[in-house]
Every structure is written in C-alpha cells, then in structure tokens.
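*Asks:* Can you keep this structure in mind? I'll have questions shortly.
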Amino acid sequence: LDVFRTPVPSGLAGRTLADSRIRERTGCTVVALAAGSDHFEPPRADAVLAAGADLLLIGDDRSEARFFETFHDHPR
C-alpha cells in the first residue's frame, strides 16, 4: 500500500467526504485532511472538502492510479 498526498480535486471542493465517494470510486481511503502544511485532521464523513486543502490517502498502485484517472485535474 502507498500513502500519498494530493490537493482536493476541483470537482470535489465544497462537497462532503461522504458525498465524494472516493473509496467506492477509486479504492483509496482518505486517512487525513490537511488544513495546513503540518496540520492533519482525522477524516469525518461530514467534513467538507475545501479548495486548497490536501487529502492524505492510502491505496494500492491500481487504486492510486484510478484516483488520478478519476480526478485528473491534479496529476501526481
């Protein structure tokens, strides 16, 4: 499994983590939301994904690739 950090995709900004369906769509799990360079918060289903924030995710190689294919506005 890989842990990776990426900006919130523009298509998900303003939506809740639950509404994003990241896990169902990609196989990746959001393990933290980064509100600043060194400040991480545990993910909550009702957390709104803010533009400019980062996601910390975990997934295998295929899941990670699927995440970037699905949310292509933020390539790795």
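To be explicit about the labels: the chains of the structure tokens are called A, B, and onward in the order shown, and within each one the residues are counted from 1, while ligands get numbers from 1 in the order they are shown.
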Once DSSP has gone over the backbone, tell me which residues of chain A are in strand (DSSP E), as a list in words.
*Replies:*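 DSSP-assigned strand (DSSP E) residues in chain A: Asp2, Val3, Phe4, Arg5, Thr6, Pro7, Thr29, Val30, Val31, Ala32, Leu33, Ala34, Phe40, Glu41, Asp54, Leu55, Leu56, Leu57, Ile58 and Gly59 of chain A.
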*Asks:* Check the DSSP output for the backbone and give back, as a PyMOL selection string, the residues of chain A in alpha helix (DSSP H).
*Replies:* chain A and resi 17-20+22-26+61-70
*Asks:* Could you write those residues out with all heavy atoms, as a compact mmCIF listing (two decimals), in the first residue's frame?
*Replies:*
# COMPACT_ATOMS: atom_id res chain seq x y z
N LEU A 17 -16.97 14.62 2.41
CA LEU A 17 -16.19 13.42 2.16
C LEU A 17 -17.12 12.26 1.81
O LEU A 17 -16.85 11.50 0.87
CB LEU A 17 -15.33 13.08 3.38
CG LEU A 17 -14.37 11.91 3.24
CD1 LEU A 17 -13.43 12.10 2.06
CD2 LEU A 17 -13.58 11.72 4.52
N ALA A 18 -18.24 12.13 2.51
CA ALA A 18 -19.19 11.05 2.21
C ALA A 18 -19.74 11.18 0.79
O ALA A 18 -19.86 10.19 0.07
CB ALA A 18 -20.33 11.06 3.22
N ASP A 19 -20.08 12.40 0.38
CA ASP A 19 -20.62 12.62 -0.96
C ASP A 19 -19.59 12.38 -2.06
O ASP A 19 -19.95 12.07 -3.19
CB ASP A 19 -21.16 14.04 -1.11
CG ASP A 19 -22.44 14.27 -0.32
OD1 ASP A 19 -23.12 13.28 0.03
OD2 ASP A 19 -22.76 15.44 -0.05
N SER A 20 -18.32 12.50 -1.73
CA SER A 20 -17.27 12.33 -2.75
C SER A 20 -17.17 10.89 -3.24
O SER A 20 -16.77 10.65 -4.37
CB SER A 20 -15.91 12.75 -2.18
OG SER A 20 -15.42 11.80 -1.25
N ILE A 22 -15.02 8.70 -2.66
CA ILE A 22 -13.66 8.40 -3.10
C ILE A 22 -13.36 6.92 -2.97
O ILE A 22 -12.83 6.29 -3.90
CB ILE A 22 -12.63 9.25 -2.34
CG1 ILE A 22 -12.76 10.72 -2.75
CG2 ILE A 22 -11.21 8.74 -2.57
CD1 ILE A 22 -11.94 11.68 -1.92
N ARG A 23 -13.70 6.32 -1.84
CA ARG A 23 -13.40 4.90 -1.62
C ARG A 23 -14.11 4.03 -2.64
O ARG A 23 -13.50 3.15 -3.25
CB ARG A 23 -13.82 4.51 -0.19
CG ARG A 23 -13.72 3.04 0.09
CD ARG A 23 -12.35 2.69 0.57
NE ARG A 23 -12.34 1.31 0.99
CZ ARG A 23 -11.35 0.48 0.73
NH1 ARG A 23 -10.28 0.91 0.11
NH2 ARG A 23 -11.40 -0.75 1.13
N GLU A 24 -15.41 4.28 -2.85
CA GLU A 24 -16.19 3.46 -3.79
C GLU A 24 -15.72 3.67 -5.24
O GLU A 24 -15.72 2.73 -6.02
CB GLU A 24 -17.68 3.80 -3.70
CG GLU A 24 -18.33 3.45 -2.39
CD GLU A 24 -18.17 4.52 -1.32
OE1 GLU A 24 -17.50 5.55 -1.55
OE2 GLU A 24 -18.70 4.31 -0.22
N ARG A 25 -15.33 4.88 -5.57
CA ARG A 25 -14.95 5.20 -6.95
C ARG A 25 -13.53 4.80 -7.30
O ARG A 25 -13.23 4.55 -8.47
CB ARG A 25 -15.13 6.69 -7.20
CG ARG A 25 -16.59 7.12 -7.12
CD ARG A 25 -16.76 8.60 -7.14
NE ARG A 25 -16.50 9.14 -8.48
CZ ARG A 25 -16.54 10.43 -8.76
NH1 ARG A 25 -16.82 11.31 -7.82
NH2 ARG A 25 -16.30 10.84 -9.99
N THR A 26 -12.64 4.76 -6.29
CA THR A 26 -11.22 4.54 -6.61
C THR A 26 -10.58 3.39 -5.85
O THR A 26 -9.55 2.88 -6.29
CB THR A 26 -10.40 5.80 -6.32
OG1 THR A 26 -10.36 6.03 -4.91
CG2 THR A 26 -10.98 7.02 -7.03
N ASP A 61 -1.31 0.34 -5.81
CA ASP A 61 -0.92 1.03 -7.04
C ASP A 61 -2.10 1.26 -7.97
O ASP A 61 -2.25 2.33 -8.55
CB ASP A 61 0.17 0.25 -7.78
CG ASP A 61 1.51 0.29 -7.05
OD1 ASP A 61 1.72 1.20 -6.23
OD2 ASP A 61 2.34 -0.61 -7.31
N ARG A 62 -2.95 0.25 -8.13
CA ARG A 62 -4.11 0.38 -9.02
C ARG A 62 -5.11 1.40 -8.50
O ARG A 62 -5.67 2.18 -9.27
CB ARG A 62 -4.78 -0.97 -9.25
CG ARG A 62 -3.95 -1.86 -10.18
CD ARG A 62 -4.68 -3.12 -10.47
NE ARG A 62 -4.63 -3.94 -9.24
CZ ARG A 62 -5.21 -5.10 -9.09
NH1 ARG A 62 -5.90 -5.62 -10.06
NH2 ARG A 62 -5.10 -5.77 -7.95
N SER A 63 -5.34 1.40 -7.21
CA SER A 63 -6.27 2.36 -6.61
C SER A 63 -5.75 3.79 -6.75
O SER A 63 -6.51 4.71 -7.06
CB SER A 63 -6.51 2.04 -5.14
OG SER A 63 -7.10 0.78 -4.99
N GLU A 64 -4.47 3.96 -6.52
CA GLU A 64 -3.87 5.28 -6.66
C GLU A 64 -3.99 5.78 -8.11
O GLU A 64 -4.38 6.92 -8.36
CB GLU A 64 -2.41 5.25 -6.22
CG GLU A 64 -1.73 6.60 -6.23
CD GLU A 64 -0.30 6.54 -5.70
OE1 GLU A 64 0.12 5.52 -5.12
OE2 GLU A 64 0.39 7.56 -5.87
N ALA A 65 -3.69 4.91 -9.05
CA ALA A 65 -3.82 5.28 -10.47
C ALA A 65 -5.27 5.62 -10.80
O ALA A 65 -5.54 6.58 -11.52
CB ALA A 65 -3.31 4.15 -11.35
N ARG A 66 -6.21 4.84 -10.27
CA ARG A 66 -7.63 5.09 -10.52
C ARG A 66 -8.04 6.44 -9.93
O ARG A 66 -8.83 7.17 -10.53
CB ARG A 66 -8.47 3.96 -9.94
CG ARG A 66 -9.87 3.91 -10.46
CD ARG A 66 -10.61 2.59 -10.16
NE ARG A 66 -10.21 1.87 -8.96
CZ ARG A 66 -9.53 0.71 -8.97
NH1 ARG A 66 -9.16 0.14 -10.10
NH2 ARG A 66 -9.23 0.11 -7.83
N PHE A 67 -7.50 6.80 -8.76
CA PHE A 67 -7.80 8.11 -8.17
C PHE A 67 -7.39 9.22 -9.14
O PHE A 67 -8.17 10.12 -9.43
CB PHE A 67 -7.07 8.29 -6.83
CG PHE A 67 -7.32 9.64 -6.22
CD1 PHE A 67 -8.41 9.85 -5.41
CD2 PHE A 67 -6.47 10.70 -6.50
CE1 PHE A 67 -8.67 11.11 -4.87
CE2 PHE A 67 -6.71 11.96 -5.97
CZ PHE A 67 -7.82 12.16 -5.15
N PHE A 68 -6.16 9.14 -9.66
CA PHE A 68 -5.69 10.20 -10.55
C PHE A 68 -6.39 10.17 -11.90
O PHE A 68 -6.56 11.21 -12.53
CB PHE A 68 -4.17 10.16 -10.67
CG PHE A 68 -3.50 10.65 -9.42
CD1 PHE A 68 -2.86 9.75 -8.57
CD2 PHE A 68 -3.53 11.98 -9.06
CE1 PHE A 68 -2.26 10.19 -7.40
CE2 PHE A 68 -2.94 12.43 -7.89
CZ PHE A 68 -2.30 11.54 -7.06
N GLU A 69 -6.82 9.00 -12.36
CA GLU A 69 -7.61 8.94 -13.60
C GLU A 69 -9.00 9.56 -13.39
O GLU A 69 -9.51 10.25 -14.25
CB GLU A 69 -7.76 7.49 -14.05
CG GLU A 69 -6.49 6.88 -14.56
CD GLU A 69 -6.58 5.36 -14.72
OE1 GLU A 69 -7.68 4.79 -14.51
OE2 GLU A 69 -5.54 4.76 -15.02
N THR A 70 -9.59 9.29 -12.24
CA THR A 70 -10.94 9.78 -11.93
C THR A 70 -10.93 11.28 -11.69
O THR A 70 -11.82 12.00 -12.13
CB THR A 70 -11.51 9.05 -10.69
OG1 THR A 70 -11.51 7.64 -10.95
CG2 THR A 70 -12.93 9.51 -10.38
*Asks:* Write out as a ChimeraX atom specification each polymer residue whose atoms come within 8 Å of segment 44-57 of chain A, counting only C-alpha atoms; drop sequence neighbours fewer than 5 positions from it.
*Replies:* /A:3-10,12-18,28-36
*Asks:* So that I have them on file, write out the residues from the current selection with C-alpha atoms, as a PDB file, in the first residue's frame.
*Replies:*
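selection-v1.pdb, freshly written:
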ATOM      1  CA  VAL A   3       0.298   6.667   1.275  1.00  0.00           C
ATOM      2  CA  PHE A   4       0.052   9.775  -0.872  1.00  0.00           C
ATOM      3  CA  ARG A   5      -0.925  13.403  -0.506  1.00  0.00           C
ATOM      4  CA  THR A   6      -2.743  15.427  -3.141  1.00  0.00           C
ATOM      5  CA  PRO A   7      -4.776  18.634  -3.363  1.00  0.00           C
ATOM      6  CA  VAL A   8      -8.557  18.305  -3.156  1.00  0.00           C
ATOM      7  CA  PRO A   9      -9.696  17.866  -6.775  1.00  0.00           C
ATOM      8  CA  SER A  10     -11.691  20.858  -8.015  1.00  0.00           C
ATOM      9  CA  LEU A  12     -14.880  17.639  -5.077  1.00  0.00           C
ATOM     10  CA  ALA A  13     -14.313  21.060  -3.497  1.00  0.00           C
ATOM     11  CA  GLY A  14     -17.325  22.061  -1.425  1.00  0.00           C
ATOM     12  CA  ARG A  15     -18.677  18.502  -1.188  1.00  0.00           C
ATOM     13  CA  THR A  16     -18.555  16.337   1.904  1.00  0.00           C
ATOM     14  CA  LEU A  17     -16.190  13.416   2.161  1.00  0.00           C
ATOM     15  CA  ALA A  18     -19.191  11.054   2.213  1.00  0.00           C
ATOM     16  CA  CYS A  28      -8.430   4.626  -1.960  1.00  0.00           C
ATOM     17  CA  THR A  29      -9.153   5.519   1.643  1.00  0.00           C
ATOM     18  CA  VAL A  30      -8.815   9.079   2.944  1.00  0.00           C
ATOM     19  CA  VAL A  31      -6.804   8.813   6.162  1.00  0.00           C
ATOM     20  CA  ALA A  32      -6.468  12.539   6.922  1.00  0.00           C
ATOM     21  CA  LEU A  33      -7.354  16.008   5.724  1.00  0.00           C
ATOM     22  CA  ALA A  34      -4.512  18.512   5.687  1.00  0.00           C
ATOM     23  CA  ALA A  35      -5.619  22.009   6.602  1.00  0.00           C
ATOM     24  CA  GLY A  36      -2.052  23.306   6.541  1.00  0.00           C
TER      25      GLY A  36
END
*Asks:* Nearest to Gly27 of chain A: which of A:Glu41, A:Asp2, A:Gly11, A:Gly59 is it, counting only C-alpha atoms?
*Replies:*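 Counting only C-alpha atoms, the residue closest to Gly27 of chain A is A:Gly59.
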